[in-house]
file work.cif (mmCIF, C-alpha atoms)
data_coords
loop_
_atom_site.group_PDB
_atom_site.id
_atom_site.type_symbol
_atom_site.label_atom_id
_atom_site.label_comp_id
_atom_site.auth_asym_id
_atom_site.auth_seq_id
_atom_site.Cartn_x
_atom_site.Cartn_y
_atom_site.Cartn_z
ATOM 1 C CA MET E 1 -13.719 -2.827 0.466
ATOM 2 C CA ASP E 2 -11.301 -5.678 -0.055
ATOM 3 C CA PHE E 3 -9.162 -5.270 3.058
ATOM 4 C CA SER E 4 -8.689 -3.253 6.213
ATOM 5 C CA MET E 5 -5.922 -3.265 8.803
ATOM 6 C CA GLU E 6 -4.540 -1.262 11.701
ATOM 7 C CA ILE E 7 -0.923 -0.130 11.526
ATOM 8 C CA GLY E 8 0.458 1.856 14.455
ATOM 9 C CA GLY E 9 -2.897 3.445 15.309
ATOM 10 C CA VAL E 10 -3.717 4.188 11.663
ATOM 11 C CA SER E 11 -6.646 2.478 9.952
ATOM 12 C CA VAL E 12 -5.908 1.421 6.385
ATOM 13 C CA TYR E 13 -8.593 0.414 3.890
ATOM 14 C CA GLY E 14 -8.113 -0.887 0.372
ATOM 15 C CA VAL E 15 -9.992 -1.955 -2.709
ATOM 16 C CA GLY E 16 -8.833 -3.575 -5.918
ATOM 17 C CA VAL E 17 -9.000 -1.527 -9.108
ATOM 18 C CA GLY E 18 -8.537 -2.432 -12.737
ATOM 19 C CA PRO E 19 -7.795 -3.565 -15.190
ATOM 20 C CA TYR E 20 -8.353 -0.277 -16.968
ATOM 21 C CA SER E 21 -6.912 1.717 -19.836
ATOM 22 C CA ARG E 22 -4.496 4.599 -19.318
ATOM 23 C CA THR E 23 -7.193 7.026 -20.396
ATOM 24 C CA ASP E 24 -9.556 5.684 -17.711
ATOM 25 C CA ARG E 25 -6.941 5.494 -14.944
ATOM 26 C CA GLU E 26 -7.718 8.744 -13.115
ATOM 27 C CA ALA E 27 -11.488 8.227 -13.218
ATOM 28 C CA VAL E 28 -11.257 4.611 -12.026
ATOM 29 C CA GLU E 29 -8.841 5.426 -9.193
ATOM 30 C CA SER E 30 -10.890 8.461 -8.090
ATOM 31 C CA ALA E 31 -14.064 6.374 -8.046
ATOM 32 C CA ALA E 32 -12.316 3.692 -5.976
ATOM 33 C CA VAL E 33 -11.125 6.250 -3.408
ATOM 34 C CA ALA E 34 -14.589 7.844 -3.305
ATOM 35 C CA SER E 35 -16.121 4.431 -2.607
ATOM 36 C CA LEU E 36 -13.674 3.851 0.268
ATOM 37 C CA VAL E 37 -14.418 7.287 1.745
ATOM 38 C CA ALA E 38 -18.170 6.625 1.504
ATOM 39 C CA GLU E 39 -17.831 3.183 3.077
ATOM 40 C CA VAL E 40 -15.667 4.408 5.960
ATOM 41 C CA PHE E 41 -17.218 7.841 6.628
ATOM 42 C CA GLY E 42 -20.656 7.659 4.990
ATOM 43 C CA HIS E 43 -21.993 8.915 1.683
ATOM 44 C CA GLU E 44 -22.233 12.486 2.988
ATOM 45 C CA ALA E 45 -18.440 12.718 3.458
ATOM 46 C CA VAL E 46 -16.786 15.233 1.129
ATOM 47 C CA LEU E 47 -13.216 14.637 -0.020
ATOM 48 C CA ASP E 48 -11.230 17.732 -1.005
ATOM 49 C CA HIS E 49 -7.553 18.677 -1.442
ATOM 50 C CA GLU E 50 -5.309 21.370 0.006
ATOM 51 C CA LEU E 51 -3.280 23.508 -2.412
ATOM 52 C CA THR E 52 -0.360 21.146 -1.800
ATOM 53 C CA GLY E 53 -2.471 18.234 -3.018
ATOM 54 C CA ARG E 54 -2.939 16.649 0.406
ATOM 55 C CA PRO E 55 -6.447 15.195 0.694
ATOM 56 C CA PHE E 56 -8.760 16.015 3.580
ATOM 57 C CA LEU E 57 -12.377 15.430 4.564
ATOM 58 C CA CYS E 58 -14.460 18.583 4.871
ATOM 59 C CA GLY E 59 -15.639 19.139 8.450
ATOM 60 C CA ARG E 60 -13.566 16.296 9.907
ATOM 61 C CA THR E 61 -10.341 16.349 11.893
ATOM 62 C CA GLU E 62 -8.842 12.979 10.978
ATOM 63 C CA GLY E 63 -5.731 12.992 8.856
ATOM 64 C CA ILE E 64 -6.113 11.007 5.653
ATOM 65 C CA SER E 65 -3.891 9.922 2.793
ATOM 66 C CA VAL E 66 -4.565 7.985 -0.397
ATOM 67 C CA SER E 67 -2.464 5.919 -2.745
ATOM 68 C CA HIS E 68 -3.082 4.139 -6.029
ATOM 69 C CA GLY E 69 -0.810 1.425 -7.293
ATOM 70 C CA ALA E 70 -0.358 -2.290 -7.629
ATOM 71 C CA GLY E 71 -3.986 -2.621 -8.755
ATOM 72 C CA LEU E 72 -5.179 -1.104 -5.467
ATOM 73 C CA ALA E 73 -6.659 2.108 -4.144
ATOM 74 C CA VAL E 74 -5.789 2.689 -0.471
ATOM 75 C CA LEU E 75 -7.153 5.092 2.145
ATOM 76 C CA ALA E 76 -5.255 5.651 5.413
ATOM 77 C CA VAL E 77 -6.988 7.364 8.350
ATOM 78 C CA ASN E 78 -5.163 8.739 11.395
ATOM 79 C CA PRO E 79 -7.447 10.076 14.139
ATOM 80 C CA HIS E 80 -4.493 11.978 15.670
ATOM 81 C CA GLY E 81 -3.138 13.990 12.727
ATOM 82 C CA ALA E 82 -1.159 13.801 9.520
ATOM 83 C CA VAL E 83 -0.559 10.484 7.795
ATOM 84 C CA GLY E 84 0.984 9.332 4.539
ATOM 85 C CA VAL E 85 0.447 6.069 2.683
ATOM 86 C CA ASP E 86 1.971 4.474 -0.398
ATOM 87 C CA VAL E 87 1.437 1.117 -2.065
ATOM 88 C CA GLU E 88 3.590 -0.307 -4.860
ATOM 89 C CA CYS E 89 4.554 -3.586 -6.461
ATOM 90 C CA PRO E 90 8.150 -4.570 -7.098
ATOM 91 C CA ARG E 91 9.180 -3.352 -10.545
ATOM 92 C CA PRO E 92 12.443 -3.131 -12.444
ATOM 93 C CA GLY E 93 11.927 0.593 -13.139
ATOM 94 C CA LEU E 94 12.730 1.565 -9.547
ATOM 95 C CA GLU E 95 16.445 0.962 -10.126
ATOM 96 C CA THR E 96 16.321 3.195 -13.196
ATOM 97 C CA VAL E 97 14.768 6.118 -11.263
ATOM 98 C CA SER E 98 16.604 5.525 -7.980
ATOM 99 C CA ALA E 99 18.780 8.627 -8.521
ATOM 100 C CA ARG E 100 15.619 10.715 -8.153
ATOM 101 C CA PHE E 101 14.867 9.449 -4.638
ATOM 102 C CA LEU E 102 18.215 8.209 -3.290
ATOM 103 C CA ASP E 103 21.456 10.133 -2.978
ATOM 104 C CA ALA E 104 24.743 8.464 -3.972
ATOM 105 C CA ALA E 105 25.437 7.019 -0.507
ATOM 106 C CA GLU E 106 21.900 5.634 -0.278
ATOM 107 C CA ARG E 107 22.172 4.046 -3.746
ATOM 108 C CA ASN E 108 25.383 2.303 -2.673
ATOM 109 C CA ALA E 109 23.722 1.002 0.498
ATOM 110 C CA CYS E 110 20.457 -0.006 -1.183
ATOM 111 C CA MET E 111 21.150 -2.454 -3.984
ATOM 112 C CA SER E 112 18.339 -5.014 -3.827
ATOM 113 C CA GLU E 113 14.881 -4.709 -5.368
ATOM 114 C CA GLU E 114 13.347 -5.160 -1.879
ATOM 115 C CA CYS E 115 15.442 -2.329 -0.437
ATOM 116 C CA LEU E 116 14.517 -0.023 -3.333
ATOM 117 C CA LEU E 117 10.820 -0.813 -2.895
ATOM 118 C CA ARG E 118 10.927 -0.254 0.879
ATOM 119 C CA SER E 119 12.817 3.014 0.399
ATOM 120 C CA TRP E 120 10.483 4.283 -2.329
ATOM 121 C CA THR E 121 7.283 3.503 -0.416
ATOM 122 C CA ALA E 122 8.662 4.887 2.876
ATOM 123 C CA LYS E 123 9.807 8.122 1.276
ATOM 124 C CA GLU E 124 6.536 8.557 -0.633
ATOM 125 C CA ALA E 125 4.527 8.000 2.558
ATOM 126 C CA VAL E 126 6.650 10.530 4.496
ATOM 127 C CA PHE E 127 6.355 13.034 1.631
ATOM 128 C CA LYS E 128 2.561 12.714 1.737
ATOM 129 C CA ALA E 129 2.465 13.025 5.532
ATOM 130 C CA LEU E 130 4.524 16.235 5.326
ATOM 131 C CA GLY E 131 1.971 17.695 2.934
ATOM 132 C CA CYS E 132 4.156 20.636 1.946
ATOM 133 C CA ARG E 133 6.034 21.832 -1.077
ATOM 134 C CA GLY E 134 9.789 22.234 -1.287
ATOM 135 C CA VAL E 135 10.701 18.767 -0.024
ATOM 136 C CA PHE E 136 12.303 16.262 -2.364
ATOM 137 C CA LEU E 137 12.391 12.507 -1.844
ATOM 138 C CA ARG E 138 16.199 12.673 -1.573
ATOM 139 C CA ASP E 139 15.743 14.967 1.471
ATOM 140 C CA ILE E 140 14.059 12.113 3.343
ATOM 141 C CA ARG E 141 16.478 9.773 5.126
ATOM 142 C CA TYR E 142 15.248 6.223 5.523
ATOM 143 C CA PRO E 143 17.335 3.598 7.388
ATOM 144 C CA TYR E 144 17.834 0.543 5.233
ATOM 145 C CA GLY E 145 17.477 -2.169 7.837
ATOM 146 C CA ARG E 146 14.697 -4.707 7.656
ATOM 147 C CA ALA E 147 12.887 -3.359 10.703
ATOM 148 C CA ASP E 148 9.116 -3.395 10.438
ATOM 149 C CA ARG E 149 8.938 0.069 11.980
ATOM 150 C CA ALA E 150 11.638 2.579 11.117
ATOM 151 C CA MET E 151 12.402 6.117 12.225
ATOM 152 C CA VAL E 152 12.784 8.583 9.360
ATOM 153 C CA GLU E 153 14.275 12.073 9.378
ATOM 154 C CA VAL E 154 13.784 14.862 6.849
ATOM 155 C CA LYS E 155 16.851 16.903 5.870
ATOM 156 C CA ASN E 156 16.557 20.687 6.325
ATOM 157 C CA ARG E 157 13.294 20.374 8.285
ATOM 158 C CA GLY E 158 14.642 20.512 11.816
ATOM 159 C CA GLU E 159 13.399 17.854 14.177
ATOM 160 C CA VAL E 160 10.593 16.438 12.032
ATOM 161 C CA ARG E 161 10.662 12.689 12.593
ATOM 162 C CA PHE E 162 8.359 9.974 11.345
ATOM 163 C CA ALA E 163 7.580 6.394 12.149
ATOM 164 C CA VAL E 164 7.185 4.296 9.015
ATOM 165 C CA SER E 165 5.647 0.844 9.021
ATOM 166 C CA HIS E 166 5.475 -1.579 6.108
ATOM 167 C CA ARG E 167 3.025 -4.411 5.462
ATOM 168 C CA PRO E 168 2.698 -6.750 2.495
ATOM 169 C CA VAL E 169 -0.640 -6.650 0.657
ATOM 170 C CA GLY E 170 -0.676 -9.497 -1.852
ATOM 171 C CA SER E 171 2.343 -8.937 -4.095
ATOM 172 C CA ALA E 172 2.496 -5.242 -3.137
ATOM 173 C CA LEU E 173 4.179 -3.420 -0.275
ATOM 174 C CA LEU E 174 2.244 -0.847 1.762
ATOM 175 C CA ALA E 175 3.980 1.905 3.777
ATOM 176 C CA VAL E 176 2.332 4.147 6.380
ATOM 177 C CA ALA E 177 4.091 7.209 7.843
ATOM 178 C CA VAL E 178 3.025 9.244 10.871
ATOM 179 C CA VAL E 179 4.684 12.269 12.451
ATOM 180 C CA LEU E 180 6.188 11.595 15.882
#

call {"tool": "encode", "arguments": {"input": "work.cif", "output": "structure tokens"}}
result
Amino acid sequence: MDFSMEIGGVSVYGVGVGPYSRTDREAVESAAVASLVAEVFGHEAVLDHELTGRPFLCGRTEGISVSHGAGLAVLAVNPHGAVGVDVECPRPGLETVSARFLDAAERNACMSEECLLRSWTAKEAVFKALGCRGVFLRDIRYPYGRADRAMVEVKNRGEVRFAVSHRPVGSALLAVAVVL
């Protein structure tokens, strides 16, 4: 394990991965997550996935989430329920794909690379915390201020609200989302 931190009651653990080839990516990232799970929960811990893709630990009640990006594998653990985590580095491609995760009004309000990165990681973390199908990143409303902890709402999901916190990890940005 290369780092650990607490963010809003959620424990976050990370390990560096790579460099690796595209063909080895899935195996390397899976091995990195497995090593984090074993280090945090013991070698007997069994990681599995719901039909929606959300990871869980067999026989345990903690909510977990994983992310791979920016040369890192990250495991977030929430003892109180669902959690989502995302880690990404700044990259020019976010502006190109912004129409997939921002609506027109959001794109007009979010012009900088930092804003795009914060929006992308926040929305990905909320999406993972929701753990359900039928939600698109554009359905998730993220306020574009520079607050360290932001409230997020999900369109067409009633009163589901999330707290999202960001932390820098090297050159990457880490986002953690928990249901309120």

call {"tool": "closest_residue", "arguments": {"input": "work.cif", "among": "E:Met1, E:Val15, E:Val178, E:Val160", "to": "E:Ala70", "atoms": "only C-alpha atoms"}}
result
E:Val15

call {"tool": "axis_aligned_box", "arguments": {"input": "work.cif", "around": "stretch 3-7 of chain E", "padding_each_side": "8 Å", "output": "JSON"}}
result
{"center_x": -5.0, "center_y": -2.7, "center_z": 7.4, "size_x": 24.2, "size_y": 21.1, "size_z": 24.6}

call {"tool": "resolve_selection", "arguments": {"input": "work.cif", "expression": "the PyMOL selection byres ((chain E and resi 119) around 10)", "output": "number ranges by chain"}}
result
E: 98, 101-102, 106, 110, 113-118, 120-125, 137, 140-144, 175

call {"tool": "resolve_selection", "arguments": {"input": "work.cif", "expression": "the PyMOL selection byres ((chain E and resi 71-76) around 6)", "output": "PyMOL selection string"}}
result
chain E and resi 11-17+64-70+77

call {"tool": "resolve_selection", "arguments": {"input": "work.cif", "expression": "the PyMOL selection byres ((chain E and resi 57) around 12)", "output": "ChimeraX atom specification"}}
result
/E:34,37-38,40-50,54-56,58-66,75,77-78

call {"tool": "atom_distance", "arguments": {"input": "work.cif", "atom1": "atom CA of E:Gly8", "atom2": "atom CA of E:Cys89"}}
result
22.0 Å

call {"tool": "atom_distance", "arguments": {"input": "work.cif", "atom1": "atom CA of E:Ala163", "atom2": "atom CA of E:Met5"}}
result
16.9 Å

call {"tool": "atom_distance", "arguments": {"input": "work.cif", "atom1": "atom CA of E:Leu173", "atom2": "atom CA of E:Val10"}}
result
16.2 Å

call {"tool": "closest_residue", "arguments": {"input": "work.cif", "among": "E:Val179, E:Cys132, E:Ala104, E:Val152", "to": "E:His80", "atoms": "all atoms listed in the file"}}
result
E:Val179
